[in-house]
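work-v7.txt follows; it contains compact mmCIF, N, CA and C atoms.
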# COMPACT_ATOMS: atom_id res chain seq x y z
N MET C 1 177.73 140.79 120.32
CA MET C 1 177.59 140.87 118.89
C MET C 1 178.90 140.44 118.22
N ASP C 2 180.02 140.78 118.85
CA ASP C 2 181.31 140.40 118.28
C ASP C 2 181.45 138.88 118.21
N TYR C 3 181.02 138.18 119.26
CA TYR C 3 181.11 136.72 119.26
C TYR C 3 180.18 136.11 118.21
N LEU C 4 179.00 136.68 118.06
CA LEU C 4 178.07 136.19 117.05
C LEU C 4 178.68 136.38 115.66
N LYS C 5 179.27 137.51 115.43
CA LYS C 5 179.92 137.78 114.13
C LYS C 5 181.04 136.77 113.89
N GLN C 6 181.81 136.45 114.93
CA GLN C 6 182.89 135.46 114.78
C GLN C 6 182.31 134.09 114.40
N LYS C 7 181.19 133.72 115.01
CA LYS C 7 180.57 132.43 114.69
C LYS C 7 180.09 132.39 113.24
N VAL C 8 179.49 133.48 112.80
CA VAL C 8 179.02 133.55 111.42
C VAL C 8 180.22 133.51 110.46
N ASP C 9 181.26 134.26 110.78
CA ASP C 9 182.45 134.27 109.93
C ASP C 9 183.12 132.89 109.89
N ALA C 10 182.92 132.09 110.97
CA ALA C 10 183.51 130.75 111.02
C ALA C 10 182.64 129.71 110.30
N GLY C 11 181.46 130.15 109.81
CA GLY C 11 180.65 129.23 109.00
C GLY C 11 179.23 128.99 109.46
N ALA C 12 178.76 129.65 110.50
CA ALA C 12 177.36 129.47 110.91
C ALA C 12 176.44 129.84 109.76
N ASP C 13 175.45 128.98 109.50
CA ASP C 13 174.54 129.20 108.38
C ASP C 13 173.36 130.09 108.71
N TYR C 14 173.01 130.17 109.99
CA TYR C 14 171.88 130.97 110.42
C TYR C 14 172.01 131.28 111.90
N VAL C 15 171.18 132.20 112.37
CA VAL C 15 171.11 132.57 113.78
C VAL C 15 169.69 132.32 114.23
N CYS C 16 169.52 131.71 115.39
CA CYS C 16 168.20 131.52 115.99
C CYS C 16 168.17 132.29 117.31
N THR C 17 167.24 133.20 117.43
CA THR C 17 167.18 134.02 118.64
C THR C 17 166.60 133.25 119.82
N GLN C 18 166.83 133.79 120.99
CA GLN C 18 166.14 133.31 122.16
C GLN C 18 164.68 133.73 122.02
N LEU C 19 163.85 133.21 122.91
CA LEU C 19 162.44 133.60 122.85
C LEU C 19 162.28 135.06 123.24
N PHE C 20 161.28 135.68 122.69
CA PHE C 20 160.96 137.08 122.98
C PHE C 20 159.46 137.27 122.83
N PHE C 21 158.95 138.33 123.43
CA PHE C 21 157.51 138.57 123.43
C PHE C 21 157.14 139.91 122.81
N ASP C 22 158.13 140.70 122.47
CA ASP C 22 157.90 141.99 121.81
C ASP C 22 158.73 142.00 120.54
N ASN C 23 158.07 142.03 119.40
CA ASN C 23 158.77 141.96 118.12
C ASN C 23 159.75 143.10 117.91
N ARG C 24 159.53 144.21 118.59
CA ARG C 24 160.48 145.32 118.46
C ARG C 24 161.87 144.89 118.91
N ASP C 25 161.93 143.99 119.91
CA ASP C 25 163.23 143.48 120.36
C ASP C 25 163.91 142.70 119.23
N PHE C 26 163.13 141.89 118.52
CA PHE C 26 163.68 141.13 117.39
C PHE C 26 164.16 142.06 116.29
N TYR C 27 163.33 143.03 115.93
CA TYR C 27 163.70 143.93 114.83
C TYR C 27 164.95 144.73 115.17
N ASP C 28 165.09 145.15 116.42
CA ASP C 28 166.29 145.86 116.85
C ASP C 28 167.51 144.95 116.74
N PHE C 29 167.38 143.70 117.20
CA PHE C 29 168.48 142.75 117.10
C PHE C 29 168.86 142.52 115.65
N ARG C 30 167.86 142.34 114.80
CA ARG C 30 168.12 142.10 113.38
C ARG C 30 168.87 143.29 112.75
N GLU C 31 168.49 144.49 113.12
CA GLU C 31 169.17 145.68 112.59
C GLU C 31 170.61 145.77 113.11
N ARG C 32 170.81 145.45 114.40
CA ARG C 32 172.17 145.48 114.95
C ARG C 32 173.04 144.42 114.27
N CYS C 33 172.47 143.27 113.95
CA CYS C 33 173.21 142.25 113.21
C CYS C 33 173.62 142.78 111.83
N GLU C 34 172.70 143.43 111.18
CA GLU C 34 172.99 144.00 109.86
C GLU C 34 174.12 145.02 109.95
N LEU C 35 174.08 145.87 110.97
CA LEU C 35 175.14 146.86 111.17
C LEU C 35 176.49 146.20 111.43
N ALA C 36 176.47 145.03 112.06
CA ALA C 36 177.71 144.30 112.37
C ALA C 36 178.20 143.47 111.18
N GLY C 37 177.44 143.47 110.08
CA GLY C 37 177.84 142.72 108.90
C GLY C 37 177.41 141.27 108.91
N ILE C 38 176.45 140.94 109.75
CA ILE C 38 175.93 139.58 109.82
C ILE C 38 174.82 139.47 108.79
N ARG C 39 175.03 138.60 107.80
CA ARG C 39 174.10 138.52 106.67
C ARG C 39 173.37 137.19 106.57
N VAL C 40 173.58 136.28 107.49
CA VAL C 40 172.89 134.99 107.45
C VAL C 40 171.44 135.17 107.91
N PRO C 41 170.56 134.23 107.57
CA PRO C 41 169.18 134.33 108.04
C PRO C 41 169.11 134.35 109.58
N ILE C 42 168.20 135.16 110.08
CA ILE C 42 167.97 135.24 111.53
C ILE C 42 166.57 134.74 111.79
N LEU C 43 166.48 133.63 112.50
CA LEU C 43 165.19 133.01 112.83
C LEU C 43 164.69 133.56 114.15
N ALA C 44 163.41 133.85 114.20
CA ALA C 44 162.77 134.39 115.41
C ALA C 44 162.35 133.25 116.33
N GLY C 45 162.74 133.33 117.59
CA GLY C 45 162.38 132.31 118.57
C GLY C 45 161.09 132.65 119.28
N ILE C 46 160.05 131.86 119.04
CA ILE C 46 158.72 132.12 119.61
C ILE C 46 158.34 130.98 120.55
N MET C 47 157.86 131.34 121.73
CA MET C 47 157.37 130.35 122.69
C MET C 47 156.09 130.89 123.31
N PRO C 48 154.95 130.28 122.97
CA PRO C 48 153.69 130.75 123.53
C PRO C 48 153.63 130.56 125.04
N VAL C 49 153.10 131.55 125.73
CA VAL C 49 152.88 131.45 127.17
C VAL C 49 151.82 130.38 127.40
N ALA C 50 152.08 129.47 128.36
CA ALA C 50 151.13 128.39 128.63
C ALA C 50 150.54 128.47 130.04
N SER C 51 151.24 129.13 130.95
CA SER C 51 150.75 129.25 132.33
C SER C 51 151.47 130.40 133.02
N ARG C 52 150.93 130.85 134.13
CA ARG C 52 151.60 131.91 134.88
C ARG C 52 152.96 131.43 135.39
N LYS C 53 152.99 130.23 135.93
CA LYS C 53 154.24 129.67 136.44
C LYS C 53 155.26 129.55 135.31
N GLY C 54 154.79 129.13 134.16
CA GLY C 54 155.67 128.99 133.01
C GLY C 54 156.28 130.31 132.57
N MET C 55 155.58 131.41 132.78
CA MET C 55 156.11 132.72 132.39
C MET C 55 157.42 133.01 133.13
N ALA C 56 157.44 132.71 134.41
CA ALA C 56 158.66 132.97 135.20
C ALA C 56 159.80 132.08 134.71
N THR C 57 159.47 130.84 134.41
CA THR C 57 160.48 129.91 133.89
C THR C 57 161.01 130.40 132.55
N MET C 58 160.11 130.88 131.68
CA MET C 58 160.50 131.36 130.36
C MET C 58 161.45 132.55 130.47
N ALA C 59 161.12 133.47 131.34
CA ALA C 59 161.96 134.65 131.49
C ALA C 59 163.35 134.26 131.97
N GLY C 60 163.42 133.27 132.84
CA GLY C 60 164.71 132.79 133.30
C GLY C 60 165.50 132.11 132.21
N MET C 61 164.81 131.33 131.36
CA MET C 61 165.48 130.63 130.27
C MET C 61 166.07 131.60 129.26
N ALA C 62 165.41 132.72 129.07
CA ALA C 62 165.86 133.69 128.06
C ALA C 62 166.59 134.86 128.71
N LEU C 63 167.19 134.59 129.87
CA LEU C 63 167.97 135.61 130.57
C LEU C 63 167.19 136.91 130.75
N GLY C 64 165.98 136.78 131.26
CA GLY C 64 165.19 137.96 131.59
C GLY C 64 164.37 138.52 130.46
N ALA C 65 163.89 137.68 129.57
CA ALA C 65 163.01 138.18 128.50
C ALA C 65 161.91 139.02 129.14
N ARG C 66 161.65 140.15 128.55
CA ARG C 66 160.65 141.04 129.14
C ARG C 66 159.28 140.77 128.55
N PHE C 67 158.29 140.91 129.39
CA PHE C 67 156.90 140.72 128.96
C PHE C 67 156.28 142.10 128.76
N PRO C 68 155.77 142.39 127.57
CA PRO C 68 155.12 143.68 127.35
C PRO C 68 153.93 143.86 128.30
N ALA C 69 153.67 145.09 128.67
CA ALA C 69 152.57 145.40 129.60
C ALA C 69 151.25 144.85 129.09
N ALA C 70 150.99 144.93 127.79
CA ALA C 70 149.72 144.44 127.25
C ALA C 70 149.57 142.94 127.48
N LEU C 71 150.65 142.19 127.35
CA LEU C 71 150.59 140.74 127.61
C LEU C 71 150.36 140.49 129.09
N LEU C 72 151.04 141.22 129.95
CA LEU C 72 150.84 141.06 131.39
C LEU C 72 149.40 141.37 131.79
N ARG C 73 148.83 142.43 131.20
CA ARG C 73 147.41 142.76 131.50
C ARG C 73 146.49 141.64 131.04
N ALA C 74 146.74 141.12 129.85
CA ALA C 74 145.89 140.04 129.31
C ALA C 74 145.97 138.80 130.20
N VAL C 75 147.15 138.43 130.62
CA VAL C 75 147.32 137.27 131.50
C VAL C 75 146.68 137.56 132.86
N GLY C 76 146.81 138.78 133.32
CA GLY C 76 146.22 139.17 134.61
C GLY C 76 144.71 139.04 134.64
N ARG C 77 144.06 139.15 133.50
CA ARG C 77 142.60 139.00 133.42
C ARG C 77 142.15 137.55 133.42
N CYS C 78 143.09 136.63 133.22
CA CYS C 78 142.74 135.22 133.10
C CYS C 78 142.40 134.60 134.45
N ALA C 79 141.37 133.76 134.43
CA ALA C 79 140.91 133.10 135.66
C ALA C 79 141.70 131.83 135.95
N ASP C 80 142.28 131.21 134.92
CA ASP C 80 142.97 129.94 135.12
C ASP C 80 144.02 129.75 134.02
N ASP C 81 144.81 128.68 134.16
CA ASP C 81 145.89 128.46 133.19
C ASP C 81 145.37 128.10 131.80
N ALA C 82 144.18 127.53 131.70
CA ALA C 82 143.61 127.26 130.37
C ALA C 82 143.40 128.57 129.63
N SER C 83 142.92 129.58 130.34
CA SER C 83 142.73 130.91 129.75
C SER C 83 144.08 131.54 129.41
N VAL C 84 145.06 131.37 130.30
CA VAL C 84 146.40 131.90 130.04
C VAL C 84 146.96 131.28 128.75
N ALA C 85 146.75 129.99 128.57
CA ALA C 85 147.25 129.31 127.37
C ALA C 85 146.58 129.87 126.11
N ARG C 86 145.29 130.16 126.18
CA ARG C 86 144.60 130.75 125.01
C ARG C 86 145.16 132.14 124.69
N VAL C 87 145.40 132.92 125.74
CA VAL C 87 146.01 134.24 125.55
C VAL C 87 147.40 134.06 124.92
N GLY C 88 148.16 133.08 125.43
CA GLY C 88 149.51 132.84 124.91
C GLY C 88 149.51 132.48 123.43
N VAL C 89 148.57 131.64 123.02
CA VAL C 89 148.48 131.26 121.61
C VAL C 89 148.09 132.48 120.77
N HIS C 90 147.14 133.26 121.27
CA HIS C 90 146.73 134.46 120.53
C HIS C 90 147.91 135.42 120.37
N TRP C 91 148.62 135.68 121.48
CA TRP C 91 149.76 136.60 121.45
C TRP C 91 150.81 136.11 120.46
N ALA C 92 151.17 134.83 120.55
CA ALA C 92 152.19 134.27 119.66
C ALA C 92 151.73 134.31 118.20
N THR C 93 150.43 134.07 117.96
CA THR C 93 149.91 134.14 116.59
C THR C 93 150.11 135.54 116.03
N GLU C 94 149.77 136.54 116.82
CA GLU C 94 149.92 137.93 116.35
C GLU C 94 151.38 138.27 116.14
N GLN C 95 152.27 137.76 117.00
CA GLN C 95 153.70 137.96 116.79
C GLN C 95 154.11 137.38 115.44
N CYS C 96 153.66 136.16 115.17
CA CYS C 96 154.03 135.48 113.91
C CYS C 96 153.48 136.23 112.70
N ARG C 97 152.23 136.69 112.78
CA ARG C 97 151.67 137.47 111.66
C ARG C 97 152.56 138.67 111.35
N ASP C 98 152.93 139.39 112.41
CA ASP C 98 153.74 140.59 112.24
C ASP C 98 155.13 140.23 111.70
N LEU C 99 155.73 139.19 112.24
CA LEU C 99 157.05 138.77 111.75
C LEU C 99 157.00 138.39 110.28
N LEU C 100 155.99 137.63 109.90
CA LEU C 100 155.85 137.23 108.50
C LEU C 100 155.63 138.45 107.60
N ASP C 101 154.83 139.41 108.07
CA ASP C 101 154.59 140.63 107.31
C ASP C 101 155.86 141.47 107.16
N ASN C 102 156.81 141.27 108.09
CA ASN C 102 158.06 142.03 108.07
C ASN C 102 159.25 141.18 107.64
N GLU C 103 158.95 140.18 106.81
CA GLU C 103 159.95 139.39 106.09
C GLU C 103 160.96 138.68 106.99
N VAL C 104 160.46 138.09 108.09
CA VAL C 104 161.34 137.26 108.91
C VAL C 104 161.83 136.11 108.04
N ARG C 105 163.05 135.66 108.25
CA ARG C 105 163.63 134.60 107.43
C ARG C 105 163.26 133.22 107.93
N GLY C 106 162.66 133.14 109.12
CA GLY C 106 162.22 131.87 109.67
C GLY C 106 161.74 132.06 111.10
N ILE C 107 160.91 131.13 111.55
CA ILE C 107 160.41 131.14 112.92
C ILE C 107 160.74 129.79 113.54
N HIS C 108 161.34 129.85 114.72
CA HIS C 108 161.60 128.63 115.48
C HIS C 108 160.65 128.64 116.68
N PHE C 109 159.83 127.60 116.79
CA PHE C 109 158.90 127.49 117.91
C PHE C 109 159.54 126.67 119.02
N TYR C 110 159.65 127.28 120.19
CA TYR C 110 160.09 126.55 121.38
C TYR C 110 158.85 125.88 121.96
N THR C 111 158.82 124.56 121.93
CA THR C 111 157.60 123.85 122.33
C THR C 111 157.72 123.08 123.64
N LEU C 112 158.94 122.83 124.10
CA LEU C 112 159.15 122.01 125.30
C LEU C 112 158.39 120.69 125.20
N ASN C 113 158.48 120.09 124.03
CA ASN C 113 157.83 118.80 123.75
C ASN C 113 156.30 118.85 123.84
N ARG C 114 155.74 120.03 123.71
CA ARG C 114 154.28 120.18 123.67
C ARG C 114 153.96 121.04 122.44
N SER C 115 153.57 120.38 121.38
CA SER C 115 153.41 121.10 120.11
C SER C 115 151.99 121.56 119.84
N ASP C 116 151.05 121.33 120.75
CA ASP C 116 149.67 121.71 120.50
C ASP C 116 149.52 123.21 120.23
N ALA C 117 150.22 124.03 121.00
CA ALA C 117 150.12 125.48 120.79
C ALA C 117 150.62 125.86 119.40
N THR C 118 151.69 125.22 118.94
CA THR C 118 152.21 125.51 117.61
C THR C 118 151.19 125.13 116.55
N ARG C 119 150.53 123.99 116.71
CA ARG C 119 149.48 123.60 115.76
C ARG C 119 148.35 124.63 115.75
N GLN C 120 147.99 125.13 116.92
CA GLN C 120 146.94 126.14 116.99
C GLN C 120 147.37 127.42 116.29
N ILE C 121 148.63 127.80 116.45
CA ILE C 121 149.14 129.00 115.79
C ILE C 121 149.07 128.82 114.27
N TYR C 122 149.49 127.66 113.78
CA TYR C 122 149.40 127.39 112.34
C TYR C 122 147.95 127.50 111.88
N GLU C 123 147.05 126.91 112.65
CA GLU C 123 145.63 126.97 112.31
C GLU C 123 145.15 128.42 112.27
N ASN C 124 145.54 129.21 113.27
CA ASN C 124 145.15 130.63 113.31
C ASN C 124 145.71 131.40 112.12
N LEU C 125 146.88 131.01 111.66
CA LEU C 125 147.49 131.66 110.50
C LEU C 125 146.90 131.16 109.19
N GLY C 126 146.10 130.09 109.27
CA GLY C 126 145.46 129.56 108.08
C GLY C 126 146.35 128.68 107.23
N VAL C 127 147.37 128.07 107.84
CA VAL C 127 148.28 127.21 107.10
C VAL C 127 148.33 125.82 107.72
N LYS C 128 148.74 124.84 106.91
CA LYS C 128 148.84 123.46 107.40
C LYS C 128 150.25 123.11 107.84
N ASP C 129 151.26 123.72 107.22
CA ASP C 129 152.63 123.36 107.54
C ASP C 129 153.56 124.53 107.24
N SER C 130 154.82 124.35 107.54
CA SER C 130 155.80 125.42 107.36
C SER C 130 155.96 125.84 105.91
N ALA C 131 155.80 124.90 105.00
CA ALA C 131 155.95 125.23 103.58
C ALA C 131 154.95 126.32 103.16
N ALA C 132 153.78 126.31 103.75
CA ALA C 132 152.76 127.30 103.40
C ALA C 132 153.12 128.70 103.87
N LEU C 133 154.08 128.82 104.77
CA LEU C 133 154.51 130.14 105.26
C LEU C 133 155.51 130.79 104.34
N ARG C 134 156.09 130.04 103.42
CA ARG C 134 157.09 130.57 102.49
C ARG C 134 156.40 131.23 101.32
N VAL C 135 156.13 132.48 101.45
CA VAL C 135 155.41 133.21 100.40
C VAL C 135 156.31 134.24 99.77
Could you write out this file's structure as structure tokens?
Amino acid sequence: MDYLKQKVDAGADYVCTQLFFDNRDFYDFRERCELAGIRVPILAGIMPVASRKGMATMAGMALGARFPAALLRAVGRCADDASVARVGVHWATEQCRDLLDNEVRGIHFYTLNRSDATRQIYENLGVKDSAALRV
């Protein structure tokens, strides 16, 4: 947190989090930033689960991002990666709904050059583009 505060004090305009799957982790981070005097916008990093193999890769990329038990159960019920991807889009959509309801300052979608899931999330949220999320 000290290094992040130094970056903000040196002129960083915003903070973008690593990917996460439990919004409580984001809210805790946001509160700790506030306690540290970090006042720049904090963008939530969202990456929809696309496959079982991808889940392990994602956790490694985010230094051990934890998967909530409910998400693990949902993925465990899936027969194939197409089903896993649908669960991933649903989970990420619900994360985004909750984040927007709790006044997130921005959402960054990690797409790995595959934006179809992000388009589906926008569709699920009932919006065409990012501008429509600014309410």
Just want the 9 Å neighbourhood of Cys96 in chain C, counted on only C-alpha atoms, with same-chain residues fewer than 6 positions away dropped. Output as a ChimeraX atom specification. /C:44,46,107,121,125
If I take atom N of Asn124 in chain C and atom N of His90 in chain C, how far is one from the other in Å, to one decimal? 9.1 Å
Residues of range 1-102 of chain C that have any atom at most 7 Å from an atom of range 110-120 of chain C: could you tabulate them with the shortest-distance atom pair and the distance in Å to one decimal, using only C-alpha atoms, ordered by chain and increasing number, as CSV?
residue,atom,partner,partner_atom,distance
C:Gly45,CA,C:Tyr110,CA,6.8
C:Ile46,CA,C:Tyr110,CA,6.0
C:Met47,CA,C:Tyr110,CA,4.9
C:Pro48,CA,C:Ala117,CA,6.9
C:Val89,CA,C:Ala117,CA,6.1
Nearest to Arg86 in chain C: which of C:Met61, C:Val49, C:Ala56, C:Ala132 is it, counting only C-alpha atoms? C:Val49
I'd like to know which of C:Leu19, C:Leu43, C:Leu100, C:Val75 is closest to Ala62 in chain C, using all atoms listed in the file.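 Closest candidate: C:Leu19.
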From the list C:Asn23, C:Asn102, C:Gln18, C:Ser51, which residue is nearest Asp80 in chain C when using only N, CA and C atoms?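 Among C:Asn23, C:Asn102, C:Gln18, C:Ser51, it is C:Ser51 that comes nearest to Asp80 in chain C.
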So, with only C-alpha atoms as the atoms that count, which of C:Tyr122, C:Asp25, C:Gly37, C:Glu103 lies closest to Ala65 in chain C?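 Among the listed residues, the smallest separation from Ala65 in chain C belongs to C:Asp25.
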Just give me the gap between CA of Val127 in chain C and CA of Phe109 in chain C in Å, one decimal is fine.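 Result for CA of Val127 in chain C versus CA of Phe109 in chain C: 15.2 Å, one decimal.
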Within 6.5 Å of range 3-14 of chain C, which residues of range 24-119 of chain C show up? Give each one with its shortest atom-to-atom distance in Å (one decimal) and the two atoms involved, counting all atoms listed in the file, rows by chain then rising residue number, as CSV.
residue,atom,partner,partner_atom,distance
C:Ile38,CA,C:Lys5,CA,6.1
C:Val40,C,C:Tyr14,CA,4.9
C:Pro41,C,C:Tyr14,CA,4.5
C:Ile42,N,C:Tyr14,CA,5.6
C:Leu43,N,C:Tyr14,C,6.0
From a DSSP calculation on the backbone, collect every residue of chain C in helix (DSSP H, G or I) and output the set as a PyMOL selection string. chain C and resi 2-9+23-35+52-61+69-76+81-101+116-125+130-133
Go through C:Phe26, C:Ser130, C:Cys33, C:Met55 and flag the residue nearest Phe67 in chain C, using only C-alpha atoms for the distances.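 Comparing C:Phe26, C:Ser130, C:Cys33, C:Met55 against Phe67 in chain C, the winner is C:Met55.
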Could I see range 115-135 of chain C restored to N, CA, C and O atoms, set down as a compact mmCIF listing (two decimals), in the coordinates of the input?
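part-v6.txt, written as the output of this step:
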# COMPACT_ATOMS: atom_id res chain seq x y z
N SER C 115 153.57 120.38 121.38
CA SER C 115 153.41 121.10 120.11
C SER C 115 151.99 121.56 119.84
O SER C 115 151.72 122.15 118.80
N ASP C 116 151.05 121.33 120.75
CA ASP C 116 149.67 121.71 120.50
C ASP C 116 149.52 123.21 120.23
O ASP C 116 148.80 123.61 119.32
N ALA C 117 150.22 124.03 121.00
CA ALA C 117 150.12 125.48 120.79
C ALA C 117 150.62 125.86 119.40
O ALA C 117 150.02 126.70 118.73
N THR C 118 151.69 125.22 118.94
CA THR C 118 152.21 125.51 117.61
C THR C 118 151.19 125.13 116.55
O THR C 118 150.96 125.88 115.59
N ARG C 119 150.53 123.99 116.71
CA ARG C 119 149.48 123.60 115.76
C ARG C 119 148.35 124.63 115.75
O ARG C 119 147.82 124.97 114.69
N GLN C 120 147.99 125.13 116.92
CA GLN C 120 146.94 126.14 116.99
C GLN C 120 147.37 127.42 116.29
O GLN C 120 146.57 128.07 115.62
N ILE C 121 148.63 127.80 116.45
CA ILE C 121 149.14 129.00 115.79
C ILE C 121 149.07 128.82 114.27
O ILE C 121 148.60 129.71 113.55
N TYR C 122 149.49 127.66 113.78
CA TYR C 122 149.40 127.39 112.34
C TYR C 122 147.95 127.50 111.88
O TYR C 122 147.66 128.09 110.83
N GLU C 123 147.05 126.91 112.65
CA GLU C 123 145.63 126.97 112.31
C GLU C 123 145.15 128.42 112.27
O GLU C 123 144.45 128.83 111.34
N ASN C 124 145.54 129.21 113.27
CA ASN C 124 145.15 130.63 113.31
C ASN C 124 145.71 131.40 112.12
O ASN C 124 145.07 132.34 111.64
N LEU C 125 146.88 131.01 111.66
CA LEU C 125 147.49 131.66 110.50
C LEU C 125 146.90 131.16 109.19
O LEU C 125 147.18 131.71 108.13
N GLY C 126 146.10 130.09 109.27
CA GLY C 126 145.46 129.56 108.08
C GLY C 126 146.35 128.68 107.23
O GLY C 126 146.13 128.55 106.03
N VAL C 127 147.37 128.07 107.84
CA VAL C 127 148.28 127.21 107.10
C VAL C 127 148.33 125.82 107.72
O VAL C 127 148.02 125.64 108.90
N LYS C 128 148.74 124.84 106.91
CA LYS C 128 148.84 123.46 107.40
C LYS C 128 150.25 123.11 107.84
O LYS C 128 150.43 122.25 108.70
N ASP C 129 151.26 123.72 107.22
CA ASP C 129 152.63 123.36 107.54
C ASP C 129 153.56 124.53 107.24
O ASP C 129 153.13 125.57 106.72
N SER C 130 154.82 124.35 107.54
CA SER C 130 155.80 125.42 107.36
C SER C 130 155.96 125.84 105.91
O SER C 130 156.24 127.01 105.62
N ALA C 131 155.80 124.90 105.00
CA ALA C 131 155.95 125.23 103.58
C ALA C 131 154.95 126.32 103.16
O ALA C 131 155.27 127.16 102.31
N ALA C 132 153.78 126.31 103.75
CA ALA C 132 152.76 127.30 103.40
C ALA C 132 153.12 128.70 103.87
O ALA C 132 152.53 129.69 103.41
N LEU C 133 154.08 128.82 104.77
CA LEU C 133 154.51 130.14 105.26
C LEU C 133 155.51 130.79 104.34
O LEU C 133 155.78 131.97 104.44
N ARG C 134 156.09 130.04 103.42
CA ARG C 134 157.09 130.57 102.49
C ARG C 134 156.40 131.23 101.32
O ARG C 134 156.10 130.60 100.32
N VAL C 135 156.13 132.48 101.45
CA VAL C 135 155.41 133.21 100.40
C VAL C 135 156.31 134.24 99.77
O VAL C 135 157.16 134.79 100.35
